[in-house]
Each structure stands twice: as C-alpha cells, then as structure tokens.
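Student: What follows is the file start.cif, containing mmCIF, C-alpha atoms and all ligand atoms:
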data_structure
loop_
_atom_site.label_atom_id
_atom_site.label_comp_id
_atom_site.auth_asym_id
_atom_site.auth_seq_id
_atom_site.Cartn_x
_atom_site.Cartn_y
_atom_site.Cartn_z
CA MET Y 297 32.18 2.83 -10.03
CA GLU Y 298 30.24 -0.18 -8.87
CA LYS Y 299 26.53 0.40 -8.50
CA MET Y 300 24.72 -0.37 -5.31
CA LEU Y 301 21.38 -2.04 -4.73
CA SER Y 302 19.29 -1.55 -1.59
CA VAL Y 303 16.81 -4.26 -0.76
CA VAL Y 304 14.23 -2.97 1.70
CA VAL Y 305 12.39 -5.63 3.68
CA SER Y 306 9.61 -4.87 6.15
CA VAL Y 307 9.43 -7.21 9.07
CA TYR Y 308 6.61 -7.61 11.54
CA ASN Y 309 6.69 -10.75 13.67
CA GLU Y 310 8.43 -12.84 11.03
CA GLU Y 311 10.68 -15.01 13.20
CA ALA Y 312 9.47 -18.09 11.36
CA VAL Y 313 10.81 -17.04 7.95
CA LEU Y 314 13.55 -14.47 8.53
CA GLU Y 315 16.50 -16.82 8.41
CA GLN Y 316 15.19 -18.61 5.35
CA PHE Y 317 14.57 -15.27 3.68
CA TYR Y 318 18.11 -14.13 4.45
CA ARG Y 319 19.62 -17.32 3.06
CA GLU Y 320 17.61 -17.23 -0.17
CA ALA Y 321 18.03 -13.50 -0.73
CA GLU Y 322 21.74 -13.62 -0.03
CA ARG Y 323 22.24 -16.48 -2.44
CA VAL Y 324 20.73 -14.40 -5.25
CA LEU Y 325 22.33 -11.10 -4.23
CA ARG Y 326 25.83 -12.57 -4.15
CA THR Y 327 25.66 -13.41 -7.84
CA LEU Y 328 24.85 -9.84 -8.92
CA SER Y 329 27.27 -7.45 -10.56
CA TRP Y 330 26.02 -4.73 -8.20
CA ASP Y 331 27.07 -4.28 -4.61
CA TYR Y 332 24.15 -4.52 -2.22
CA GLU Y 333 22.73 -3.76 1.20
CA LEU Y 334 19.92 -5.71 2.82
CA LEU Y 335 17.92 -3.22 4.82
CA PHE Y 336 15.45 -4.72 7.26
CA VAL Y 337 12.87 -2.45 8.83
CA ASN Y 338 11.67 -3.98 12.05
CA ASP Y 339 8.15 -2.64 12.43
CA GLY Y 340 7.82 -3.13 16.18
CA SER Y 341 7.95 -6.92 16.13
CA MET Y 342 7.09 -8.55 19.43
CA ASP Y 343 8.51 -12.00 18.71
CA GLY Y 344 12.06 -13.20 18.15
CA SER Y 345 12.57 -11.18 14.96
CA PRO Y 346 14.65 -8.35 16.53
CA ALA Y 347 17.08 -10.86 18.01
CA ILE Y 348 17.42 -12.69 14.68
CA LEU Y 349 18.02 -9.40 12.87
CA SER Y 350 20.68 -8.32 15.37
CA ARG Y 351 22.44 -11.63 14.91
CA LEU Y 352 22.36 -11.32 11.13
CA ALA Y 353 23.64 -7.73 11.33
CA GLU Y 354 26.51 -8.79 13.56
CA ARG Y 355 27.58 -11.53 11.18
CA ASP Y 356 27.09 -9.65 7.92
CA SER Y 357 27.89 -5.96 7.58
CA ARG Y 358 25.68 -5.73 4.50
CA VAL Y 359 22.67 -6.38 6.68
CA LYS Y 360 21.29 -3.13 8.08
CA VAL Y 361 18.46 -2.81 10.53
CA VAL Y 362 16.13 0.07 11.34
CA SER Y 363 13.93 -0.64 14.35
CA PHE Y 364 10.74 1.28 15.07
CA SER Y 365 9.66 2.13 18.60
CA ARG Y 366 6.34 0.37 17.95
CA ASN Y 367 4.27 -1.02 15.09
CA PHE Y 368 3.65 1.68 12.48
CA GLY Y 369 2.40 -0.50 9.65
CA HIS Y 370 3.77 -1.86 6.43
CA GLU Y 371 3.53 1.41 4.48
CA ALA Y 372 5.51 3.30 7.12
CA ALA Y 373 8.10 0.53 7.14
CA MET Y 374 8.60 0.76 3.38
CA ILE Y 375 8.99 4.53 3.43
CA ALA Y 376 11.48 4.28 6.31
CA GLY Y 377 13.44 1.76 4.29
CA ILE Y 378 13.54 4.11 1.33
CA ASP Y 379 14.56 6.99 3.63
CA HIS Y 380 17.51 5.05 5.06
CA SER Y 381 18.65 3.38 1.86
CA SER Y 382 21.75 4.51 0.01
CA GLY Y 383 21.62 2.43 -3.18
CA ASP Y 384 21.35 3.57 -6.79
CA GLY Y 385 18.39 1.24 -7.08
CA ILE Y 386 15.96 0.29 -4.32
CA ILE Y 387 13.75 -2.79 -4.17
CA CYS Y 388 10.93 -3.11 -1.64
CA MET Y 389 9.82 -6.60 -0.79
CA ASP Y 390 8.14 -8.70 1.89
CA ALA Y 391 9.97 -10.92 4.30
CA ASP Y 392 7.70 -13.91 3.82
CA LEU Y 393 9.23 -15.03 0.47
CA GLN Y 394 5.98 -14.40 -1.37
CA HIS Y 395 8.06 -12.05 -3.44
CA PRO Y 396 10.67 -14.37 -4.93
CA PRO Y 397 14.27 -13.11 -4.65
CA GLU Y 398 14.92 -14.87 -7.99
CA CYS Y 399 13.34 -11.82 -9.68
CA ILE Y 400 16.13 -9.52 -8.51
CA PRO Y 401 18.55 -10.15 -11.43
CA GLU Y 402 15.78 -9.24 -13.86
CA ILE Y 403 15.11 -6.03 -11.94
CA ILE Y 404 18.81 -5.16 -12.17
CA ARG Y 405 18.66 -5.73 -15.93
CA LYS Y 406 15.75 -3.30 -16.19
CA PHE Y 407 17.65 -0.72 -14.15
CA GLU Y 408 20.59 -1.11 -16.50
CA GLU Y 409 18.28 -0.59 -19.47
CA GLY Y 410 17.44 2.79 -17.96
CA TYR Y 411 14.07 2.17 -16.32
CA GLN Y 412 13.48 4.11 -13.13
CA VAL Y 413 10.26 2.55 -11.85
CA ILE Y 414 9.70 -1.19 -12.03
CA SER Y 415 6.41 -2.58 -10.74
CA MET Y 416 6.13 -6.25 -10.13
CA VAL Y 417 2.78 -7.62 -11.22
CA ARG Y 418 1.68 -10.96 -9.88
CA THR Y 419 0.18 -13.39 -12.31
CA LYS Y 420 -1.15 -15.75 -9.72
CA ASN Y 421 -1.65 -15.39 -6.02
CA GLN Y 422 -1.61 -18.84 -4.61
CA SER Y 423 -2.03 -17.99 -0.98
CA ALA Y 424 -4.83 -15.45 -1.15
CA GLY Y 425 -8.29 -16.97 -1.01
CA LEU Y 426 -11.03 -16.43 -3.58
CA LEU Y 427 -12.55 -13.71 -1.40
CA LYS Y 428 -9.29 -11.74 -1.26
CA ASN Y 429 -8.77 -12.05 -5.02
CA LEU Y 430 -12.35 -10.99 -5.81
CA THR Y 431 -12.36 -8.03 -3.44
CA SER Y 432 -8.97 -6.95 -4.73
CA ALA Y 433 -10.25 -6.97 -8.34
CA ALA Y 434 -13.38 -5.03 -7.32
CA PHE Y 435 -11.26 -2.52 -5.44
CA TYR Y 436 -9.03 -1.79 -8.43
CA ARG Y 437 -12.06 -1.45 -10.70
CA LEU Y 438 -13.57 1.08 -8.29
CA ILE Y 439 -10.46 3.15 -7.65
CA ASN Y 440 -9.66 3.35 -11.35
CA ALA Y 441 -13.19 4.56 -12.06
CA LEU Y 442 -13.11 7.13 -9.27
CA SER Y 443 -9.63 8.48 -9.58
CA ASP Y 444 -7.84 10.15 -12.44
CA VAL Y 445 -4.59 8.40 -11.66
CA HIS Y 446 -4.20 4.88 -12.97
CA PHE Y 447 -3.65 1.93 -10.67
CA GLU Y 448 -2.19 -1.24 -12.03
CA PRO Y 449 -4.37 -4.13 -10.83
CA ASN Y 450 -2.37 -6.93 -9.25
CA ALA Y 451 0.53 -4.61 -8.58
CA SER Y 452 2.01 -5.53 -5.26
CA ASP Y 453 4.17 -4.05 -2.57
CA PHE Y 454 6.99 -5.54 -4.58
CA PHE Y 455 8.55 -2.79 -6.68
CA ALA Y 456 11.82 -1.12 -7.48
CA VAL Y 457 12.71 2.53 -7.91
CA SER Y 458 15.84 4.42 -8.86
CA ARG Y 459 17.65 6.80 -6.54
CA GLN Y 460 16.07 9.77 -8.34
CA VAL Y 461 12.54 8.45 -7.76
CA ALA Y 462 13.41 7.57 -4.18
CA GLU Y 463 14.44 11.17 -3.58
CA VAL Y 464 11.07 12.33 -4.94
CA LEU Y 465 9.26 9.91 -2.61
CA LYS Y 466 11.42 11.09 0.28
CA LYS Y 467 10.81 14.77 -0.27
CA ASN Y 468 7.38 15.12 -1.76
CA TYR Y 469 5.21 12.23 -0.67
CA ARG Y 470 5.16 12.64 3.09
CA GLU Y 471 1.45 12.05 3.48
CA HIS Y 472 0.46 10.29 6.66
CA ILE Y 473 -2.33 8.26 5.15
CA ARG Y 474 -0.42 6.64 2.36
CA PHE Y 475 -0.56 4.11 -0.41
CA LEU Y 476 3.00 3.86 -1.57
CA ARG Y 477 2.47 1.73 -4.64
CA GLY Y 478 -0.10 4.29 -5.81
CA TYR Y 479 2.53 7.02 -5.74
CA VAL Y 480 5.15 4.79 -7.28
CA GLN Y 481 2.90 4.14 -10.25
CA ASN Y 482 2.13 7.79 -10.72
CA VAL Y 483 5.39 9.69 -10.37
CA GLY Y 484 6.10 9.24 -14.07
CA PHE Y 485 9.69 8.43 -15.20
CA PRO Y 486 10.50 5.49 -17.51
CA HIS Y 487 8.33 2.75 -16.14
CA THR Y 488 8.07 -0.97 -16.82
CA THR Y 489 6.48 -4.01 -15.27
CA ILE Y 490 7.74 -7.51 -14.66
CA SER Y 491 5.32 -10.30 -13.92
CA TYR Y 492 6.05 -12.88 -11.31
CA GLU Y 493 4.25 -15.72 -9.68
CA ALA Y 494 3.52 -15.05 -6.05
CA ARG Y 495 4.53 -17.98 -3.94
CA VAL Y 496 2.76 -19.19 -0.87
CA ARG Y 497 3.97 -17.70 2.36
CA ALA Y 498 7.04 -19.67 3.43
CA ALA Y 499 6.03 -19.71 7.09
CA GLY Y 500 4.16 -17.67 9.64
CA HIS Y 501 0.82 -16.07 8.86
CA SER Y 502 -0.52 -13.01 7.05
CA LYS Y 503 -0.58 -9.80 9.07
CA TYR Y 504 -3.23 -8.20 6.89
CA SER Y 505 -6.72 -9.01 8.07
CA ILE Y 506 -9.75 -8.32 5.89
CA ARG Y 507 -10.50 -5.43 8.24
CA LYS Y 508 -7.06 -3.87 7.74
CA LEU Y 509 -7.40 -4.29 3.98
CA PHE Y 510 -10.81 -2.61 4.06
CA ARG Y 511 -9.33 0.31 6.00
CA LEU Y 512 -6.50 0.57 3.47
CA SER Y 513 -9.00 0.56 0.59
CA VAL Y 514 -11.16 3.31 2.10
CA ASN Y 515 -8.08 5.43 2.81
CA THR Y 516 -6.80 4.96 -0.70
CA ILE Y 517 -10.08 6.02 -2.27
CA VAL Y 518 -10.28 9.07 -0.04
CA CYS Y 519 -6.66 10.02 -0.76
CA PHE Y 520 -6.81 9.57 -4.49
CA SER Y 521 -10.32 10.75 -5.38
CA ASN Y 522 -12.57 13.71 -4.61
CA LEU Y 523 -15.52 12.17 -6.36
CA PRO Y 524 -17.24 10.70 -3.28
CA LEU Y 525 -17.40 14.23 -1.87
CA LYS Y 526 -19.64 15.22 -4.74
CA LEU Y 527 -22.12 12.43 -4.07
CA GLY Y 528 -24.11 14.87 -1.94
CA ILE Y 529 -24.77 17.11 -4.92
CA TYR Y 530 -26.12 14.24 -7.01
CA ALA Y 531 -28.21 12.86 -4.17
CA GLY Y 532 -29.63 16.32 -3.52
CA LEU Y 533 -30.53 16.78 -7.17
CA MET Y 534 -32.21 13.38 -7.32
CA ALA Y 535 -34.22 14.02 -4.15
CA GLY Y 536 -35.29 17.43 -5.43
CA LEU Y 537 -36.43 15.94 -8.72
CA MET Y 538 -38.38 13.21 -6.95
CA GLY Y 539 -40.07 15.80 -4.74
CA LEU Y 540 -41.01 17.84 -7.77
CA ILE Y 541 -42.61 14.86 -9.50
CA VAL Y 542 -44.66 14.05 -6.42
CA LEU Y 543 -45.69 17.69 -6.09
CA VAL Y 544 -46.95 17.86 -9.66
CA TYR Y 545 -48.72 14.52 -9.26
CA THR Y 546 -50.48 15.69 -6.10
CA LEU Y 547 -51.59 18.95 -7.68
CA PHE Y 548 -53.09 17.25 -10.70
CA THR Y 549 -54.89 14.42 -8.98
CA ARG Y 550 -57.05 16.68 -6.93
CA GLY Y 551 -58.91 13.79 -5.40
CA GLY Y 552 -56.53 14.26 -2.50
CA ALA Y 553 -53.31 12.47 -1.71
CA PRO Y 554 -53.76 8.76 -1.04
CA SER Y 555 -53.09 7.73 2.54
CA GLY Y 556 -49.70 6.13 2.51
CA TYR Y 557 -48.17 5.64 5.90
CA ALA Y 558 -45.84 2.90 4.66
CA THR Y 559 -44.74 4.98 1.70
CA ILE Y 560 -43.82 7.88 3.92
CA VAL Y 561 -41.86 5.74 6.37
CA VAL Y 562 -39.94 3.96 3.63
CA LEU Y 563 -39.17 7.21 1.89
CA LEU Y 564 -38.05 8.80 5.13
CA CYS Y 565 -35.75 5.91 5.98
CA PHE Y 566 -34.32 5.93 2.50
CA MET Y 567 -33.64 9.64 2.48
CA PHE Y 568 -32.04 9.56 5.91
CA ALA Y 569 -29.89 6.62 4.86
CA VAL Y 570 -28.57 8.61 1.92
CA LEU Y 571 -28.06 11.67 4.08
CA PHE Y 572 -26.13 9.86 6.80
CA LEU Y 573 -24.05 8.01 4.25
CA ILE Y 574 -22.97 11.30 2.75
CA VAL Y 575 -22.23 12.76 6.17
CA GLY Y 576 -20.13 9.65 6.84
CA ILE Y 577 -18.17 10.13 3.62
CA ILE Y 578 -17.47 13.75 4.52
CA GLY Y 579 -16.38 12.46 7.93
CA GLU Y 580 -13.80 10.20 6.27
CA TYR Y 581 -12.29 13.16 4.47
CA ILE Y 582 -12.27 15.27 7.61
CA SER Y 583 -10.59 12.49 9.55
CA ILE Y 584 -7.83 12.35 6.96
CA LEU Y 585 -7.48 16.13 7.00
CA PHE Y 586 -7.24 15.98 10.77
CA THR Y 587 -4.53 13.32 10.68
CA GLU Y 588 -2.51 15.24 8.11
CA LEU Y 589 -2.93 18.47 10.03
CA LYS Y 590 -1.59 17.04 13.27
CA ASP Y 591 1.53 16.13 11.32
CA ARG Y 592 2.69 13.46 13.72
CA PRO Y 593 5.72 11.46 12.62
CA ILE Y 594 5.11 8.69 10.09
CA TYR Y 595 7.44 6.46 12.10
CA ILE Y 596 9.76 6.72 15.09
CA VAL Y 597 13.14 5.02 14.94
CA GLU Y 598 14.30 3.44 18.17
CA LYS Y 599 17.66 2.16 16.97
CA THR Y 600 19.64 1.31 13.88
CA GLU Y 601 22.30 -1.33 13.31
CA ASN Y 602 25.15 -1.12 10.74
CA LEU Y 603 23.85 2.24 9.53
N1 LIG H 701 4.28 -6.00 7.75
C1 LIG H 701 4.79 -4.90 8.43
N2 LIG H 701 3.99 -4.24 9.33
C2 LIG H 701 2.69 -4.59 9.55
C3 LIG H 701 2.16 -5.69 8.81
C4 LIG H 701 2.98 -6.36 7.93
O1 LIG H 701 5.95 -4.53 8.26
O2 LIG H 701 2.02 -3.96 10.36
C5 LIG H 701 5.15 -6.71 6.79
C6 LIG H 701 5.20 -8.21 6.97
O3 LIG H 701 6.21 -8.59 7.90
C7 LIG H 701 5.52 -8.70 5.56
C8 LIG H 701 4.84 -7.67 4.70
O4 LIG H 701 4.62 -6.52 5.51
O5 LIG H 701 6.91 -8.68 5.31
C9 LIG H 701 3.55 -8.16 4.10
O6 LIG H 701 2.70 -8.64 5.11
P1 LIG H 701 1.88 -9.98 4.96
O7 LIG H 701 2.69 -11.04 4.30
O8 LIG H 701 1.34 -10.30 6.31
O9 LIG H 701 0.70 -9.52 4.01
P2 LIG H 701 0.06 -10.34 2.78
O10 LIG H 701 1.23 -10.81 1.94
O11 LIG H 701 -0.68 -11.45 3.38
O12 LIG H 701 -0.78 -9.33 2.08
MG MG H 702 2.73 -11.91 2.53
#
Could you show the structure in this file as structure tokens?
Tutor:
Amino acid sequence: MEKMLSVVVSVYNEEAVLEQFYREAERVLRTLSWDYELLFVNDGSMDGSPAILSRLAERDSRVKVVSFSRNFGHEAAMIAGIDHSSGDGIICMDADLQHPPECIPEIIRKFEEGYQVISMVRTKNQSAGLLKNLTSAAFYRLINALSDVHFEPNASDFFAVSRQVAEVLKKNYREHIRFLRGYVQNVGFPHTTISYEARVRAAGHSKYSIRKLFRLSVNTIVCFSNLPLKLGIYAGLMAGLMGLIVLVYTLFTRGGAPSGYATIVVLLCFMFAVLFLIVGIIGEYISILFTELKDRPIYIVEKTENL
C-alpha cells in the first residue's frame, strides 16, 4: 500500500508567502513516491491568510486546513497539526520557506531506512541577527546544564516523526506549557538528524519577538528542570555560612564591632535580592502548576476544510 506523508504547516498572518510556499512545496511533494497531504493550521490569522487557504483547499483536495478560533501560538499549532494528521510520516515546518521543502525527499529516505524521529539541524541561520544567535547558543548551554534531558542546539521547529511517535505525542504529551521539539528529541526511538541551511524569510516578518523568545526559554527551563527550585537551599546554606564567619570574627575581635552602616545596607540589599529572586523562581513554577491544573484546552478549532 502506498505510504502517506503529512506536512504540517503553522500559519499566522503569512499572506505574503503562503502562495509561494504552496507552489514550492507542491513542486517537491509531487515528485515523491509517497502520497501526501498538506495540512495548514491557521493560528488565528487576522490578515488574508484564511482566504488564501480556503482558495487553495477548494482547488486542491490534498490541502487541508484547521482553523483556530484565535491565536494560540506556534506550539499549539504544531500539536494540532499532528493531532489532525493521518500520514505514516509527519513533517512540521514553517510557512515562511525558512525550512526548505527541498529537504523533504531526504526525510522520506530516512523514514524508509526505518528512522522514526528526524530532527533538522540548521547549519546557518541567515536571517537571525547576531543577538538571536548568541542568546540561542547561551540558552541551549544553560538548559543542557540544568536538565537531564539532552537538547540538540540549533534544532529547529523543523522535524519529522513517524505515526507511532505522533501517537505518543498525541496521547502522552498534553502539557499546556510546551516545547515540542524538546519532547521530540527525548521520546527515544531510532533518531537521526539532517542538517540544512536555513534560508532567509521569503516575505513577511518574524512573529517571534525577543520577548516571546524569552518567555519560551523561561518556560522551557521550568518545564524541563527542577534545579532552579533548589537554589533556595544553596543560597540559604551560603548565607548561614557567611553569618557564622561574621559571628566568629565578632566574638574574637572583642574590641567591638566596627561601625559599618554601608556594609549593613549593602548586605541587606544583597540578601533581599537573593531572597526575592528565589521567591520569583518559585512563582514561575507555581504559575505553570496553576496553568496545568486549570486544564484549559491547548487550542480551539473553529472550522476545518477537506478534513
Ligand atoms: N506562527 C504561528 N503562531 C504564532 C507565531 C508564529 O503559527 O503565534 C508560525 C508562523 O506563521 C511561521 C512559524 O510559526 O510559520 C514560525 O514563525 P516565524 O517565522 O515568525 O519565527 P522565526 O522563524 O522568526 O523564529
Ligand atoms: Mg521563520
């Protein structure tokens, strides 16, 4: 029986590139030995994207569209795509052509060799600035030090999983605060990487601001590591030790403690800074617990086309 490939594409205000993406993706997909579906997840776009997607779906029955009731974010869009896909292999990619469709035949080859998880690693990111590249490297260094799961630096939201892995993601990774590529790299299964050169965005502009990326980084650390929670213990031990040293010093220099207004104020500020920082970290964990506990839907589907 012919195998089927699902290509999941998240779309948020991408009217400028959608048609070009469709043309380029379709050109590659047509040459494959696998049948395919092109599954667009419209993440509450407010521009002309929904209309373009409807038009494409009308013309081409292989184009499927899932539309959210509002913007739920890229991660939610990818998981919705995986939920609605029916292929034996599933590829997640961006709509802006930064993830070149030319890589798809190679992904198919890896699937046929029996790999179940294929992460695409970018060798060069032409569009991201120096700041984004540096902070991204620092982030991966930090998360790998803090967490016992391994994160591939430079892995992107461009990856492919088999049906079996998709079922695992569908059933067992329903966290609300999520970092999909983190799960994908840590479910196990035969795993390989393909490197690719990220292109510049074909048109339109990036939807990820530095602020959003920072939020994503904090969430990822909190979700994948308990170590920050233990900071309080270390800080407490350090403060206790410092206090002890000062105590001994004061007892032995009986000439009386030197007057040190500045010292006291600096010390006080420092200690409170540490204390509040730790309270803040605990707050981050509580906020995630709270979100998970409320168990609101990860996404809400407003309508589907060709599904
Ligand atoms: N995206 C989305 N929902 C969002 C933000 C982005 O579905 O809230 C999609 C966007 O349309 C694109 C992909 O996620 O297909 C990656 O976004 P973008 O290119 O803006 O990020 P960058 O490549 O700059 O990191
Ligand atoms: Mg992009």
Student: Using all atoms listed in the file, find the one residue out of Y:Glu409, Y:Glu598, Y:Asp343, Y:Glu310 that sits nearest to ligand LIG 701 (chain H).
Tutor: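 Selected residue with least distance to ligand LIG 701 (chain H): Y:Glu310.
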Student: Tell me, in Å to one decimal, how far atom CA of Y:Thr488 is from atom CA of Y:Ala451.
Tutor: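 Atom-to-atom, atom CA of Y:Thr488 to atom CA of Y:Ala451, that is 11.7 Å.
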Student: Might you pull out every residue within 12 Å of Y:Arg497, with all atoms listed in the file counted and same-chain residues fewer than 2 positions away left off, and present them as a list in words?
Tutor: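 Neighbouring residues, sequence-local ones excluded: Glu310, Ala312, Val313, Leu314, Gln316, Phe317, Asp390, Ala391, Asp392, Leu393, Gln394, His395, Pro396, Asn421, Gln422, Ser423, Ala424, Ala494, Arg495, Ala499, Gly500, His501, Ser502 and Lys503 of chain Y.
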Student: Provide the atom CA of Y:Glu311 to atom CA of Y:His380 distance in Å, to one decimal place.
Tutor: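 Distance between the two atoms: 22.7 Å.
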Student: With all atoms listed in the file as the basis for distance, which of Y:Val307, Y:Ala569, Y:Val324, Y:Ala456 is at the shortest distance from Y:Ala373?
Tutor: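 Counting all atoms listed in the file, the residue closest to Y:Ala373 is Y:Val307.
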Student: Do a neighbour search on stretch 357-368 of chain Y at 9 Å with all atoms listed in the file, toss out local chain neighbours closer than 5 positions, and write the hits as a VMD selection string.
Tutor: chain Y and resid 308 332 to 341 346 349 to 350 352 373 376 to 377 380 594 to 603
Student: For a cutoff of 7 Å around the file-coordinate point (7.6, 1.2, -14.1), which residues qualify once you count all atoms listed in the file? I'd like the result as a ChimeraX atom specification.
Tutor: /Y:411-415,481,486-489
Student: One decimal, Å: what's the distance from atom CA of Y:Leu585 over to atom CA of Y:Leu465, could you say?
Tutor: 20.3 Å
Student: Between Y:Cys388, Y:Val561, Y:Ile541, Y:Leu301, which one has atoms that come closest to ligand LIG 701 (chain H), using all atoms listed in the file?
Tutor: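 Ranked by minimum distance to ligand LIG 701 (chain H), first place goes to Y:Cys388.
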Student: From the set Y:Val542, Y:Ser381, Y:Val305, Y:Glu448, which residue has the shortest atom-to-atom contact distance to ligand MG 702 (chain H), counting all atoms listed in the file?
Tutor: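 Once distances to ligand MG 702 (chain H) are computed over all atoms listed in the file, the minimum belongs to Y:Val305.
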Student: Under the rule that all atoms listed in the file are counted, which of Y:Leu537, Y:Tyr504, Y:Ser345, Y:Tyr436 is the nearest residue to ligand MG 702 (chain H)?
Tutor: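 Looking at the shortest contact to ligand MG 702 (chain H), the residue is Y:Tyr504.
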Student: Can you find the residues with an atom no farther than 12 Å from (29.6, 2.1, -7.1), counting all atoms listed in the file, and report them as a ChimeraX atom specification?
Tutor: /Y:297-301,329-332,382-385
Student: With all atoms listed in the file as the basis for distance, which of Y:Ala558, Y:Leu563, Y:Ala434, Y:Met389 is at the shortest distance from ligand MG 702 (chain H)?
Tutor: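 Smallest separation from ligand MG 702 (chain H) among the options: Y:Met389.
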Student: Report as a list of chain:residue names all protein, DNA and RNA residues lying within 12 Å of Y:Val514, evaluated on all atoms listed in the file, omitting residues in the same chain fewer than 3 positions from it.
Tutor: Y:Phe435, Y:Tyr436, Y:Leu438, Y:Ile439, Y:Ile473, Y:Arg474, Y:Phe475, Y:Arg507, Y:Lys508, Y:Leu509, Y:Phe510, Y:Arg511, Y:Ile517, Y:Val518, Y:Cys519, Y:Phe520, Y:Ser521, Y:Pro524, Y:Gly576, Y:Ile577, Y:Glu580, Y:Tyr581, Y:Ser583, Y:Ile584
Student: Tell me, as a PyMOL selection string, which residues lie within 9 Å of stretch 527-536 of chain Y, counting only C-alpha atoms; anything in the same chain fewer than 2 positions away does not count.
Tutor: chain Y and resi 523-525+538-541+567+570-571+574-575+577
Student: Grab all the atoms of stretch 406-418 of chain Y that the file lists, wrap them in a box along x, y and z, add 3 Å per side, and give me centre plus edge lengths in Å (one decimal) as AutoDock Vina command-line options.
Tutor:
--center_x 11.1 --center_y -3.4 --center_z -14.7 --size_x 24.9 --size_y 21.1 --size_z 15.6
Student: What's the 8 Å shell around Y:Arg418, counting only C-alpha atoms, without same-chain residues fewer than 2 positions away, as number ranges by chain?
Tutor: Y: 416, 420-421, 450-452, 491-494
